[in-house]
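J.: I'm passing along upload_3.txt; it holds compact mmCIF, C-alpha atoms and all ligand atoms.
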# COMPACT_ATOMS: atom_id res chain seq x y z
CA MET A 1 12.85 71.47 -54.02
CA ALA A 2 11.00 68.79 -55.86
CA THR A 3 12.57 65.41 -56.12
CA SER A 4 14.04 64.27 -59.38
CA SER A 5 12.97 61.70 -61.88
CA ASP A 6 13.31 58.52 -59.84
CA ASP A 7 10.28 57.15 -58.13
CA PRO A 8 10.72 58.41 -54.58
CA SER A 9 8.37 56.01 -52.87
CA PRO A 10 10.18 53.54 -50.65
CA THR A 11 9.60 50.15 -52.13
CA ASP A 12 10.61 46.84 -50.75
CA GLY A 13 9.26 44.64 -53.45
CA GLU A 14 5.98 43.89 -51.76
CA GLY A 15 2.63 44.10 -53.39
CA ASP A 16 3.48 43.43 -56.99
CA ASN A 17 4.52 39.98 -57.98
CA ILE A 18 7.97 41.02 -59.20
CA PRO A 19 10.50 40.83 -56.37
CA VAL A 20 13.38 43.26 -56.22
CA PRO A 21 16.25 41.44 -57.91
CA ARG A 22 19.04 40.63 -55.51
CA VAL A 23 22.55 40.96 -56.81
CA LYS A 24 24.34 37.66 -56.32
CA ARG A 25 28.02 38.11 -55.69
CA ARG A 26 30.74 35.90 -54.45
CA ARG A 27 31.43 35.66 -50.76
CA HIS A 28 33.65 38.19 -49.12
CA ARG A 29 35.64 37.62 -46.04
CA PRO A 30 33.86 38.88 -42.91
CA LEU A 31 35.30 41.85 -41.11
CA LYS A 32 37.03 40.64 -37.99
CA VAL A 33 36.75 43.83 -36.01
CA ALA A 34 34.15 46.46 -36.53
CA ASN A 35 35.11 50.06 -36.65
CA GLN A 36 32.39 51.87 -34.81
CA ILE A 37 33.10 51.12 -31.19
CA PRO A 38 35.33 53.74 -29.59
CA GLN A 39 38.66 52.58 -28.25
CA ARG A 40 37.73 53.23 -24.61
CA ARG A 41 34.57 51.09 -24.81
CA ARG A 42 36.42 48.43 -26.80
CA LYS A 43 38.95 48.16 -23.97
CA GLU A 44 36.14 47.89 -21.42
CA ILE A 45 34.58 45.06 -23.40
CA GLU A 46 37.91 43.26 -23.86
CA LYS A 47 38.63 43.58 -20.14
CA ALA A 48 35.19 42.27 -19.17
CA LEU A 49 35.60 39.31 -21.50
CA GLU A 50 38.99 38.48 -20.03
CA GLU A 51 37.70 38.28 -16.47
CA PRO A 52 37.65 34.72 -15.22
CA GLY A 53 34.62 32.85 -14.02
CA SER A 54 32.25 33.67 -16.84
CA THR A 55 33.05 30.79 -19.15
CA PRO A 56 30.00 28.91 -20.37
CA LYS A 57 28.76 26.12 -18.15
CA LYS A 58 29.81 22.59 -19.01
CA TRP A 59 26.90 20.21 -19.18
CA SER A 60 27.77 16.84 -17.82
CA ARG A 61 26.19 13.96 -19.69
CA SER A 62 25.94 11.89 -16.58
CA SER A 63 24.04 14.47 -14.54
CA ASP A 64 20.46 13.46 -14.02
CA TRP A 65 18.38 15.46 -16.44
CA LYS A 66 14.93 15.76 -14.97
CA SER A 67 11.60 17.04 -16.16
CA HIS A 68 11.39 20.80 -16.67
CA ARG A 69 9.00 22.54 -14.30
CA ILE A 70 6.92 25.63 -14.96
CA GLY A 71 4.64 26.35 -12.01
CA ARG A 72 2.96 23.04 -11.27
CA LYS A 73 3.45 21.68 -14.79
CA LEU A 74 6.19 19.24 -15.71
CA VAL A 75 7.67 18.64 -19.15
CA LYS A 76 9.48 15.34 -19.66
CA PRO A 77 12.90 15.20 -21.35
CA GLY A 78 12.68 14.72 -25.11
CA THR A 79 9.19 16.20 -25.40
CA ILE A 80 7.37 19.38 -26.42
CA ARG A 81 4.53 20.66 -24.31
CA GLN A 82 2.44 23.79 -24.32
CA VAL A 83 1.69 25.13 -20.86
CA GLU A 84 -0.09 28.20 -19.59
CA PHE A 85 1.46 30.74 -17.30
CA ASP A 86 -0.66 33.26 -15.40
CA LEU A 87 0.69 36.80 -15.46
CA MET A 88 -1.24 37.38 -12.23
CA ASP A 89 -1.45 34.96 -9.34
CA ILE A 90 -4.95 35.75 -8.09
CA GLU A 91 -7.96 33.90 -6.75
CA ILE A 92 -10.65 35.89 -8.52
CA GLY A 93 -10.49 38.14 -11.57
CA GLU A 94 -8.51 38.01 -14.79
CA SER A 95 -5.21 36.16 -14.38
CA TRP A 96 -4.07 36.72 -18.01
CA PRO A 97 -2.80 33.28 -18.95
CA ILE A 98 -0.11 33.30 -21.65
CA PRO A 99 0.91 30.24 -23.68
CA ILE A 100 4.44 28.90 -23.36
CA THR A 101 5.82 26.15 -25.55
CA VAL A 102 8.52 24.18 -23.78
CA VAL A 103 10.90 22.09 -25.85
CA HIS A 104 12.64 20.06 -23.20
CA GLY A 105 15.55 18.34 -24.88
CA ALA A 106 16.55 14.74 -24.31
CA ARG A 107 20.04 15.90 -23.30
CA PRO A 108 21.20 18.37 -20.63
CA GLY A 109 21.94 21.96 -21.60
CA PRO A 110 21.07 25.57 -20.93
CA VAL A 111 17.62 27.11 -20.57
CA VAL A 112 16.84 29.58 -23.34
CA THR A 113 13.75 31.75 -23.13
CA ILE A 114 12.61 33.40 -26.36
CA ILE A 115 9.92 36.03 -26.04
CA GLY A 116 7.80 38.34 -28.16
CA ALA A 117 5.40 41.23 -27.53
CA ILE A 118 6.63 42.52 -24.20
CA HIS A 119 5.23 45.53 -26.03
CA GLY A 120 1.76 44.34 -27.00
CA ASN A 121 1.60 45.91 -30.48
CA GLU A 122 5.02 44.68 -31.64
CA LEU A 123 3.92 41.71 -33.71
CA ILE A 124 7.12 40.58 -35.44
CA GLY A 125 8.00 38.53 -32.33
CA PRO A 126 4.64 36.73 -32.05
CA LEU A 127 4.71 35.99 -35.79
CA ALA A 128 8.30 34.72 -35.77
CA LEU A 129 7.71 32.56 -32.70
CA THR A 130 4.55 31.09 -34.18
CA TYR A 131 6.45 30.19 -37.36
CA LEU A 132 9.31 28.83 -35.25
CA GLN A 133 6.81 26.23 -34.05
CA SER A 134 5.68 25.30 -37.54
CA ALA A 135 6.10 21.75 -38.82
CA ASN A 136 8.93 22.88 -41.12
CA ILE A 137 11.12 23.87 -38.20
CA MET A 138 10.00 22.03 -35.07
CA GLY A 139 9.39 18.34 -34.62
CA GLU A 140 10.88 14.98 -35.46
CA GLY A 141 13.72 15.26 -37.99
CA MET A 142 13.46 19.07 -38.11
CA ALA A 143 15.88 21.78 -36.94
CA ILE A 144 14.36 21.72 -33.46
CA ASP A 145 13.83 18.05 -32.70
CA PRO A 146 13.29 17.43 -28.96
CA SER A 147 15.02 14.06 -29.20
CA SER A 148 18.25 15.77 -30.23
CA VAL A 149 17.93 19.10 -28.40
CA ALA A 150 20.40 19.70 -25.57
CA GLY A 151 18.80 21.91 -22.93
CA THR A 152 15.44 23.60 -22.76
CA ILE A 153 13.84 26.08 -25.16
CA ARG A 154 10.94 28.08 -23.78
CA ILE A 155 9.00 29.97 -26.42
CA ILE A 156 6.65 32.74 -25.31
CA PRO A 157 5.15 34.43 -28.39
CA ILE A 158 3.12 36.98 -26.41
CA VAL A 159 4.29 38.22 -23.03
CA ASN A 160 2.12 41.31 -22.70
CA MET A 161 -1.22 39.61 -23.39
CA PRO A 162 -3.35 42.50 -22.05
CA GLY A 163 -1.57 44.92 -24.44
CA TYR A 164 -1.67 42.48 -27.36
CA ARG A 165 -5.42 41.97 -27.00
CA ARG A 166 -5.99 45.73 -27.12
CA SER A 167 -3.36 46.33 -29.83
CA THR A 168 -1.27 48.61 -27.67
CA ARG A 169 2.31 48.70 -26.48
CA TYR A 170 1.31 49.13 -22.85
CA MET A 171 -0.07 47.04 -20.02
CA SER A 172 -3.66 47.43 -18.82
CA ASP A 173 -2.66 50.27 -16.49
CA GLY A 174 -0.94 52.22 -19.25
CA ARG A 175 2.59 51.39 -18.09
CA ASP A 176 5.47 50.05 -20.16
CA LEU A 177 6.25 46.53 -18.92
CA ASN A 178 9.82 46.78 -20.22
CA ARG A 179 10.62 49.58 -17.76
CA PHE A 180 9.54 47.70 -14.62
CA PHE A 181 11.89 44.74 -14.30
CA PRO A 182 12.64 43.11 -11.92
CA GLY A 183 9.31 44.35 -10.53
CA LYS A 184 7.77 44.34 -7.08
CA GLU A 185 5.28 41.96 -5.54
CA ASN A 186 3.14 44.63 -3.89
CA SER A 187 3.41 47.55 -6.25
CA ASN A 188 1.31 48.59 -9.27
CA THR A 189 -0.16 46.08 -11.75
CA THR A 190 2.68 46.26 -14.28
CA SER A 191 5.30 45.97 -11.58
CA ARG A 192 3.57 42.87 -10.16
CA VAL A 193 3.46 41.24 -13.57
CA ALA A 194 7.14 42.11 -14.12
CA HIS A 195 7.99 40.58 -10.76
CA ARG A 196 6.16 37.36 -11.53
CA LEU A 197 7.72 37.05 -14.97
CA TRP A 198 11.16 37.83 -13.65
CA SER A 199 11.08 35.53 -10.63
CA GLN A 200 9.35 32.58 -12.31
CA LEU A 201 10.62 32.64 -15.88
CA PHE A 202 13.36 35.08 -16.76
CA SER A 203 15.65 34.75 -13.75
CA THR A 204 15.62 30.98 -14.19
CA SER A 205 16.92 31.30 -17.77
CA ASP A 206 20.54 31.12 -18.88
CA HIS A 207 19.83 33.04 -22.08
CA ILE A 208 17.02 35.34 -23.19
CA ILE A 209 16.18 36.45 -26.72
CA ASP A 210 13.74 39.35 -26.58
CA LEU A 211 12.01 40.25 -29.87
CA HIS A 212 10.91 43.83 -30.51
CA THR A 213 10.03 46.29 -33.25
CA ALA A 214 10.31 50.07 -33.47
CA ALA A 215 7.69 52.06 -31.61
CA LEU A 216 4.63 53.34 -33.46
CA GLY A 217 5.42 55.64 -36.38
CA ARG A 218 8.87 54.19 -37.12
CA THR A 219 10.36 51.04 -38.57
CA ASN A 220 13.70 49.39 -37.82
CA MET A 221 16.16 47.61 -40.06
CA PRO A 222 16.75 44.23 -38.36
CA GLN A 223 19.41 44.64 -35.68
CA ILE A 224 20.59 43.23 -32.37
CA ARG A 225 21.09 45.27 -29.23
CA ALA A 226 23.21 43.84 -26.44
CA ASN A 227 25.66 44.78 -23.75
CA LEU A 228 28.83 43.51 -25.39
CA ALA A 229 30.72 43.63 -22.10
CA ASN A 230 28.59 40.68 -20.95
CA ARG A 231 30.49 37.69 -22.28
CA LEU A 232 27.43 35.51 -22.85
CA SER A 233 25.33 38.29 -24.39
CA ASN A 234 28.29 39.13 -26.61
CA ARG A 235 28.49 35.53 -27.83
CA SER A 236 24.76 35.29 -28.48
CA ALA A 237 24.72 38.64 -30.29
CA ARG A 238 27.47 37.45 -32.60
CA ALA A 239 25.99 33.99 -33.03
CA PHE A 240 22.72 35.57 -34.21
CA GLY A 241 24.51 36.09 -37.53
CA ILE A 242 23.25 39.59 -38.22
CA GLU A 243 25.07 42.55 -39.85
CA LEU A 244 24.31 45.13 -37.19
CA ILE A 245 24.88 44.92 -33.44
CA LEU A 246 24.38 47.94 -31.21
CA ASP A 247 26.36 47.88 -27.99
CA SER A 248 23.89 49.20 -25.42
CA GLU A 249 22.82 48.33 -21.90
CA GLY A 250 19.16 49.07 -22.45
CA PRO A 251 16.93 51.52 -20.58
CA LYS A 252 16.49 51.41 -16.82
CA GLY A 253 14.06 48.67 -15.82
CA SER A 254 14.36 46.90 -19.16
CA LEU A 255 14.66 43.14 -19.24
CA ARG A 256 18.01 43.38 -21.03
CA ARG A 257 19.54 45.62 -18.39
CA ILE A 258 18.31 43.59 -15.41
CA SER A 259 19.32 40.30 -17.01
CA ASP A 260 22.82 41.58 -17.67
CA GLU A 261 23.12 42.76 -14.08
CA SER A 262 22.03 39.31 -12.92
CA GLY A 263 24.55 37.44 -15.06
CA ILE A 264 21.96 36.22 -17.54
CA SER A 265 22.66 36.64 -21.23
CA CYS A 266 20.03 38.77 -22.95
CA ILE A 267 19.90 40.08 -26.48
CA THR A 268 17.19 42.29 -27.96
CA TYR A 269 16.21 41.86 -31.57
CA GLU A 270 14.63 44.84 -33.30
CA GLY A 271 13.02 44.56 -36.70
CA GLY A 272 10.11 46.27 -38.46
CA GLY A 273 7.53 48.48 -36.80
CA SER A 274 4.63 48.28 -34.37
CA ASP A 275 1.29 47.09 -35.71
CA GLU A 276 2.89 45.66 -38.82
CA SER A 277 4.09 42.39 -40.24
CA ASP A 278 7.35 42.68 -42.12
CA PRO A 279 8.27 39.33 -43.71
CA GLU A 280 11.96 40.19 -43.92
CA SER A 281 12.15 41.06 -40.23
CA ILE A 282 10.38 37.81 -39.38
CA GLN A 283 12.76 35.86 -41.59
CA VAL A 284 15.85 37.42 -40.01
CA ALA A 285 14.44 36.77 -36.52
CA LEU A 286 13.95 33.06 -37.27
CA TYR A 287 17.35 32.78 -38.92
CA GLY A 288 18.98 34.44 -35.90
CA ILE A 289 17.17 32.37 -33.28
CA LEU A 290 18.23 29.13 -34.97
CA ASN A 291 21.78 30.49 -35.22
CA VAL A 292 21.89 31.27 -31.49
CA LEU A 293 20.59 27.78 -30.64
CA ARG A 294 23.29 26.31 -32.89
CA GLY A 295 25.92 28.55 -31.33
CA LEU A 296 24.94 27.25 -27.90
CA LYS A 297 25.19 23.69 -29.25
CA MET A 298 21.55 23.07 -28.32
CA ILE A 299 20.59 22.01 -31.84
CA PRO A 300 22.83 20.45 -34.49
CA GLY A 301 24.80 22.51 -36.98
CA TYR A 302 26.88 25.66 -37.00
CA PRO A 303 25.57 29.21 -36.97
CA SER A 304 25.57 30.99 -40.34
CA ARG A 305 27.81 34.03 -40.44
CA PRO A 306 27.06 37.40 -41.96
CA ARG A 307 29.27 38.81 -44.73
CA PHE A 308 30.31 41.59 -42.38
CA ARG A 309 29.38 42.87 -38.98
CA LEU A 310 28.92 46.41 -37.78
CA LEU A 311 29.33 46.79 -34.05
CA ALA A 312 28.06 50.23 -33.18
CA SER A 313 27.96 52.24 -30.02
CA GLY A 314 26.92 55.49 -31.55
CA SER A 315 24.37 56.79 -33.99
CA VAL A 316 22.86 60.00 -35.26
CA TRP A 317 19.19 60.91 -35.25
CA ILE A 318 18.22 62.87 -38.34
CA ARG A 319 15.49 65.34 -37.43
CA SER A 320 13.18 67.41 -39.52
CA ASP A 321 13.73 71.17 -39.40
CA TYR A 322 10.32 71.71 -40.92
CA GLY A 323 6.71 70.92 -40.14
CA GLY A 324 4.40 69.20 -42.55
CA LEU A 325 4.08 65.84 -44.21
CA LEU A 326 7.05 63.59 -44.76
CA ASP A 327 8.02 61.54 -47.78
CA VAL A 328 10.86 59.19 -46.86
CA LEU A 329 13.22 58.55 -49.78
CA ALA A 330 15.77 56.45 -47.88
CA PRO A 331 13.85 53.96 -45.75
CA ALA A 332 15.37 51.85 -42.97
CA GLY A 333 18.12 49.66 -44.42
CA SER A 334 19.29 52.27 -46.95
CA PHE A 335 22.92 53.20 -47.38
CA VAL A 336 23.11 56.96 -47.80
CA GLU A 337 25.81 59.44 -48.78
CA GLU A 338 26.67 62.63 -46.98
CA GLY A 339 24.32 65.37 -48.15
CA GLU A 340 21.93 62.90 -49.76
CA VAL A 341 18.28 63.86 -49.58
CA VAL A 342 16.78 61.19 -47.33
CA ALA A 343 13.31 62.69 -47.07
CA THR A 344 11.26 65.64 -48.19
CA VAL A 345 8.72 67.63 -46.20
CA SER A 346 5.78 69.35 -47.84
CA ASP A 347 3.05 71.38 -46.22
CA PRO A 348 -0.54 71.19 -47.40
CA GLU A 349 -1.05 74.70 -46.03
CA ASN A 350 1.76 75.98 -48.26
CA PRO A 351 1.40 73.95 -51.43
CA GLY A 352 4.12 74.11 -54.03
CA GLN A 353 6.98 74.11 -51.57
CA MET A 354 8.99 71.07 -50.67
CA MET A 355 11.94 71.04 -48.31
CA ASP A 356 14.78 68.52 -48.34
CA VAL A 357 16.06 66.65 -45.29
CA LYS A 358 19.68 65.68 -45.92
CA SER A 359 21.90 63.11 -44.34
CA PRO A 360 24.68 64.72 -42.28
CA THR A 361 27.07 61.90 -43.08
CA GLN A 362 27.61 58.69 -45.02
CA GLY A 363 26.05 55.70 -43.34
CA LEU A 364 23.27 53.22 -42.89
CA MET A 365 19.71 54.24 -42.05
CA ILE A 366 18.73 51.74 -39.40
CA CYS A 367 15.37 53.26 -38.55
CA SER A 368 13.01 55.51 -40.44
CA ALA A 369 9.74 57.27 -39.83
CA THR A 370 6.60 55.67 -41.19
CA HIS A 371 4.19 58.26 -39.86
CA PRO A 372 4.20 61.20 -42.30
CA PHE A 373 3.20 63.95 -39.88
CA VAL A 374 6.24 65.87 -38.65
CA THR A 375 6.96 69.04 -36.76
CA THR A 376 10.35 70.63 -36.47
CA GLY A 377 12.49 68.35 -34.32
CA THR A 378 10.65 65.13 -35.16
CA PRO A 379 13.17 62.31 -35.72
CA ILE A 380 12.77 60.95 -39.22
CA GLY A 381 15.69 58.55 -39.32
CA HIS A 382 18.36 56.89 -37.24
CA LEU A 383 21.74 56.72 -38.93
CA ILE A 384 24.85 54.66 -38.21
CA PRO A 385 27.78 56.63 -39.64
CA ILE A 386 30.05 54.42 -41.71
CA THR A 387 33.49 55.68 -42.58
CA LYS A 388 35.49 52.46 -42.84
CA ALA A 389 34.93 49.36 -44.93
CA VAL A 390 32.44 51.30 -47.01
CA LYS A 391 32.99 49.06 -50.03
CA THR A 392 32.26 45.94 -47.99
CA VAL A 393 28.88 47.34 -47.04
CA GLN A 394 28.17 48.68 -50.53
CA ARG A 395 28.75 45.25 -52.08
CA ARG A 396 25.70 44.00 -50.21
CA LEU A 397 23.27 46.68 -51.46
CA ASP A 398 20.44 45.83 -53.79
CA GLU A 399 19.35 48.01 -56.70
CA GLU A 400 17.41 50.29 -54.38
CA GLY A 401 20.47 50.90 -52.21
CA LEU A 402 19.04 48.75 -49.42
CA LEU A 403 21.26 46.38 -47.48
CA VAL A 404 20.59 42.71 -48.28
CA LEU A 405 20.64 41.13 -44.83
CA SER A 406 21.91 37.66 -44.11
CA GLY A 407 19.02 35.28 -43.75
CA THR A 408 16.83 37.11 -46.25
CA ASP A 409 18.20 35.40 -49.34
CA GLY A 410 16.16 32.42 -50.37
CA GLU A 411 12.78 31.24 -49.35
CA PRO A 412 11.35 31.96 -45.91
CA PRO A 413 12.01 28.81 -43.87
CA TRP A 414 8.43 28.48 -42.68
CA ARG A 415 7.05 28.19 -46.20
CA GLU A 416 7.54 25.23 -48.42
CA ASP A 417 6.76 25.75 -52.04
CA GLU A 418 5.33 22.31 -52.72
CA GLU A 419 2.85 22.82 -49.91
CA ILE A 420 1.42 25.92 -51.48
CA GLU A 421 -1.71 25.30 -53.46
CA ASP A 422 -2.71 27.88 -56.05
CA ILE A 423 -6.32 28.83 -55.70
CA SER A 424 -8.04 31.23 -58.04
CA VAL A 425 -10.79 33.28 -56.50
CA GLU A 426 -13.64 34.43 -58.65
CA GLY A 427 -16.35 36.80 -57.66
CA VAL A 428 -17.10 40.43 -57.00
CA TRP A 429 -16.15 42.84 -54.24
CA GLU A 430 -19.10 42.81 -51.98
CA GLY A 431 -19.88 45.81 -49.86
CA GLY A 432 -17.50 48.21 -51.53
CA SER A 433 -13.87 48.58 -52.42
CA PRO A 434 -11.23 46.13 -51.11
CA ASP A 435 -9.36 49.12 -49.72
CA ALA A 436 -12.12 50.18 -47.38
CA GLU A 437 -12.32 49.64 -43.65
CA TRP A 438 -8.77 50.35 -42.62
CA GLY A 439 -8.96 53.88 -41.32
CA ASP A 440 -10.33 53.89 -37.81
CA ASN A 441 -8.20 51.19 -36.35
CA LEU A 442 -4.98 52.68 -37.62
CA ARG A 443 -5.84 56.18 -36.57
CA ALA A 444 -6.74 55.14 -33.05
CA ALA A 445 -3.42 53.34 -32.73
CA ALA A 446 -1.45 56.24 -34.16
CA GLU A 447 -2.89 58.64 -31.63
CA GLU A 448 -1.28 56.76 -28.85
CA GLU A 449 1.86 58.22 -27.36
CA ALA A 450 4.93 56.16 -28.19
CA ASP A 451 8.41 56.56 -26.80
CA GLU A 452 11.64 54.76 -27.55
CA ALA A 453 11.46 51.13 -28.64
ZN ZN A 501 9.58 47.06 -27.95
Have the structure of the file written as C-alpha cells, please.
Ligand SMILES: [Zn+2]
T.:
Amino acid sequence: MATSSDDPSPTDGEGDNIPVPRVKRRRHRPLKVANQIPQRRRKEIEKALEEPGSTPKKWSRSSDWKSHRIGRKLVKPGTIRQVEFDLMDIEIGESWPIPITVVHGARPGPVVTIIGAIHGNELIGPLALTYLQSANIMGEGMAIDPSSVAGTIRIIPIVNMPGYRRSTRYMSDGRDLNRFFPGKENSNTTSRVAHRLWSQLFSTSDHIIDLHTAALGRTNMPQIRANLANRLSNRSARAFGIELILDSEGPKGSLRRISDESGISCITYEGGGSDESDPESIQVALYGILNVLRGLKMIPGYPSRPRFRLLASGSVWIRSDYGGLLDVLAPAGSFVEEGEVVATVSDPENPGQMMDVKSPTQGLMICSATHPFVTTGTPIGHLIPITKAVKTVQRRLDEEGLLVLSGTDGEPPWREDEEIEDISVEGVWEGGSPDAEWGDNLRAAAEEEADEA
C-alpha cells in the first residue's frame, strides 16, 4: 500500500530556515497523578516513599565547608576548577584522563555528579554538558554562579573517553561500561574502570544525572528513566520538568541500578540517537539539569513544571513483520492512533510493493528506528499506550503531531541572538559536492552491534 498525499518524510523543522510553527495555547493544569503505573507498583512506590529515614539531608550553615577533593586536587569553596581524573591508575601506559569541571559552591549542600558518554558514541550528553559550561549559563551573575551555589556540581562531559575517541559505544575491550558497575579492582579493563569511577566519583555523590541517547539505529524522544521507589530519584525525576518518566530500575550492572541500591539518587536522561546531535534533546537536557539543581536548592529559582507528566512502567515495541527498507512516518515524539500507519516497508528486490506497519494502540512513540534496514522482528518503534487524559496530551502536539516538550519553546539557552554575527560566505565548492565524504564513517559505525540503550 502506497502512502497517501502527505509528505511522509519525518521532518523536525531542521535544514530549511522555516521552523515548524508551534501552536501557542494557554496553560493547562498539570496532571497530578499519571495513569500508566499499575496499582500494585504505585502502592510499592507509595510505601517506599513513606518509609522513614530517607528525608533529604539538612545542610547546616555553620558546618565547616571545606575544599572539595578529587584525587589529589582541591577545589576551594566559591570557585570553579577543571581537574583531570585518570580512568586507570597505572604507572606506565595510557591512563585515559577525563576532564571534570567542579563547581564548588560557597555554601554547603549536596554533591551532584552530571555525566555524559558512558556510552562513547552518545554525544547529546557531551554537547549538553559543554553548553552547560558556556558563559551564558555558568559564571558570575549566571544561573550557575559559584558564589551563590549551595553544594558541589561535578560535570563530566565524557566518561568513556576510549569509546568517545573511537566513536563507539564500548570501552577499549569491547565491553559496555554501563553493565559493569560497581566494578572490580582486579578484573577486566572495563570492570577496573567501573570500579575506579564508582569508588572515587559516583559513590561519593548524593545525586547523579546520567545522560544517554538511544543505541545506534534508533532515536529517543527526550525522557527520564528512574526507579520511582527511590525517594530521592523520584524527586529528581519530577524536578527535571519533563513530560515522560519511565519507572525502571535499569539493567544489571548499570550505574542507575547500583546507585539506587546504594542509596544514591540517580536518574537517566535519554534523548536523540547515537552519533548524532539533536538540538531539541540538548535543549531539554540543559533545561532539566538546571531544574534539578533548582529543585535541590543548589541554585536560585524554582524548577519549571511540564504541562503534564506521564509516569510509565510499561510500553509496547512495534516490530516489523516484513523485511526490507523502512520509511518511518511517525518518528519519536509522535502521537499515534490505533491502527495508524507508523511506517512502511518496501523491498528493492520486490519493487512496487509496500507494506504498512500499524500502531496496535493509541499512544506516544517514544523511540523510533533511524536505520532503514529491517528484517521481520526488527523493532521500529517504542510506544507508550495512552488511554487517559488523551486531550491533555493532544493539546501539546504541533502541526506534525509531534509532542512539544517543555524546555523546547523559545531560544536555546546557550545561544544569545545578539552574539550571533551574520557572515556571508562566497566562493565555490572545492573538491566536489558538499554532500560528499559522509559514507564510510557512518557505515562503519552502523555495522557495529548495538543492544539496548
Ligand atoms: Zn547509553
J.: With 12 Å as the cut-off and only C-alpha atoms and all ligand atoms counted, what is the closest atom pair between each nearby residue of chain A and ligand ZN 501 (chain A)? Distances in Å to one decimal, ordered by chain and number, as a tab-separated table.
T.:
residue	atom	partner	partner_atom	distance
A:Ile115	CA	A:ZN501	ZN	11.2
A:Gly116	CA	A:ZN501	ZN	8.9
A:Ala117	CA	A:ZN501	ZN	7.2
A:Ile118	CA	A:ZN501	ZN	6.6
A:His119	CA	A:ZN501	ZN	5.0
A:Gly120	CA	A:ZN501	ZN	8.3
A:Asn121	CA	A:ZN501	ZN	8.5
A:Glu122	CA	A:ZN501	ZN	6.3
A:Leu123	CA	A:ZN501	ZN	9.7
A:Ile124	CA	A:ZN501	ZN	10.2
A:Gly125	CA	A:ZN501	ZN	9.7
A:Val159	CA	A:ZN501	ZN	11.4
A:Asn160	CA	A:ZN501	ZN	10.8
A:Gly163	CA	A:ZN501	ZN	11.9
A:Thr168	CA	A:ZN501	ZN	11.0
A:Arg169	CA	A:ZN501	ZN	7.6
A:Tyr170	CA	A:ZN501	ZN	9.9
A:Asp176	CA	A:ZN501	ZN	9.3
A:Leu177	CA	A:ZN501	ZN	9.6
A:Asn178	CA	A:ZN501	ZN	7.7
A:Arg179	CA	A:ZN501	ZN	10.5
A:Asp210	CA	A:ZN501	ZN	8.9
A:Leu211	CA	A:ZN501	ZN	7.5
A:His212	CA	A:ZN501	ZN	4.3
A:Thr213	CA	A:ZN501	ZN	5.4
A:Ala214	CA	A:ZN501	ZN	6.3
A:Ala215	CA	A:ZN501	ZN	6.5
A:Leu216	CA	A:ZN501	ZN	9.7
A:Arg218	CA	A:ZN501	ZN	11.6
A:Thr219	CA	A:ZN501	ZN	11.4
A:Asn220	CA	A:ZN501	ZN	10.9
A:Arg225	CA	A:ZN501	ZN	11.7
A:Gly250	CA	A:ZN501	ZN	11.2
A:Pro251	CA	A:ZN501	ZN	11.3
A:Ser254	CA	A:ZN501	ZN	10.0
A:Leu255	CA	A:ZN501	ZN	10.8
A:Arg256	CA	A:ZN501	ZN	11.5
A:Thr268	CA	A:ZN501	ZN	9.0
A:Tyr269	CA	A:ZN501	ZN	9.2
A:Glu270	CA	A:ZN501	ZN	7.7
A:Gly271	CA	A:ZN501	ZN	9.7
A:Gly272	CA	A:ZN501	ZN	10.6
A:Gly273	CA	A:ZN501	ZN	9.2
A:Ser274	CA	A:ZN501	ZN	8.2
A:Asp275	CA	A:ZN501	ZN	11.4
A:Ala450	CA	A:ZN501	ZN	10.2
A:Asp451	CA	A:ZN501	ZN	9.6
A:Glu452	CA	A:ZN501	ZN	8.0
A:Ala453	CA	A:ZN501	ZN	4.5
J.: So that I have them on file, write out the residues from the current selection with C-alpha atoms, as a CSV table (one decimal), in the coordinates of the input.
T.:
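Below is the file selection-v7.csv, written as the result:
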chain,number,residue,atom,x,y,z
A,115,ILE,CA,9.9,36.0,-26.0
A,116,GLY,CA,7.8,38.3,-28.2
A,117,ALA,CA,5.4,41.2,-27.5
A,118,ILE,CA,6.6,42.5,-24.2
A,119,HIS,CA,5.2,45.5,-26.0
A,120,GLY,CA,1.8,44.3,-27.0
A,121,ASN,CA,1.6,45.9,-30.5
A,122,GLU,CA,5.0,44.7,-31.6
A,123,LEU,CA,3.9,41.7,-33.7
A,124,ILE,CA,7.1,40.6,-35.4
A,125,GLY,CA,8.0,38.5,-32.3
A,159,VAL,CA,4.3,38.2,-23.0
A,160,ASN,CA,2.1,41.3,-22.7
A,163,GLY,CA,-1.6,44.9,-24.4
A,168,THR,CA,-1.3,48.6,-27.7
A,169,ARG,CA,2.3,48.7,-26.5
A,170,TYR,CA,1.3,49.1,-22.8
A,176,ASP,CA,5.5,50.0,-20.2
A,177,LEU,CA,6.2,46.5,-18.9
A,178,ASN,CA,9.8,46.8,-20.2
A,179,ARG,CA,10.6,49.6,-17.8
A,210,ASP,CA,13.7,39.4,-26.6
A,211,LEU,CA,12.0,40.2,-29.9
A,212,HIS,CA,10.9,43.8,-30.5
A,213,THR,CA,10.0,46.3,-33.2
A,214,ALA,CA,10.3,50.1,-33.5
A,215,ALA,CA,7.7,52.1,-31.6
A,216,LEU,CA,4.6,53.3,-33.5
A,218,ARG,CA,8.9,54.2,-37.1
A,219,THR,CA,10.4,51.0,-38.6
A,220,ASN,CA,13.7,49.4,-37.8
A,225,ARG,CA,21.1,45.3,-29.2
A,250,GLY,CA,19.2,49.1,-22.4
A,251,PRO,CA,16.9,51.5,-20.6
A,254,SER,CA,14.4,46.9,-19.2
A,255,LEU,CA,14.7,43.1,-19.2
A,256,ARG,CA,18.0,43.4,-21.0
A,268,THR,CA,17.2,42.3,-28.0
A,269,TYR,CA,16.2,41.9,-31.6
A,270,GLU,CA,14.6,44.8,-33.3
A,271,GLY,CA,13.0,44.6,-36.7
A,272,GLY,CA,10.1,46.3,-38.5
A,273,GLY,CA,7.5,48.5,-36.8
A,274,SER,CA,4.6,48.3,-34.4
A,275,ASP,CA,1.3,47.1,-35.7
A,450,ALA,CA,4.9,56.2,-28.2
A,451,ASP,CA,8.4,56.6,-26.8
A,452,GLU,CA,11.6,54.8,-27.6
A,453,ALA,CA,11.5,51.1,-28.6
J.: With distances taken over only C-alpha atoms, which residue among A:His195, A:His104, A:Arg309, A:Arg294 lies nearest Ala389 of chain A?
T.: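 Comparing A:His195, A:His104, A:Arg309, A:Arg294 against Ala389 of chain A, the winner is A:Arg309.
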J.: Let me know the centre plus edge lengths, in Å and rounded to one decimal, of a box with edges along x, y and z that contains all listed atoms of segment 323-340 of chain A and is padded by 4 Å on every side, as lines of an AutoDock Vina configuration file.
T.:
center_x = 15.4
center_y = 60.3
center_z = -45.0
size_x = 30.6
size_y = 29.3
size_z = 17.6
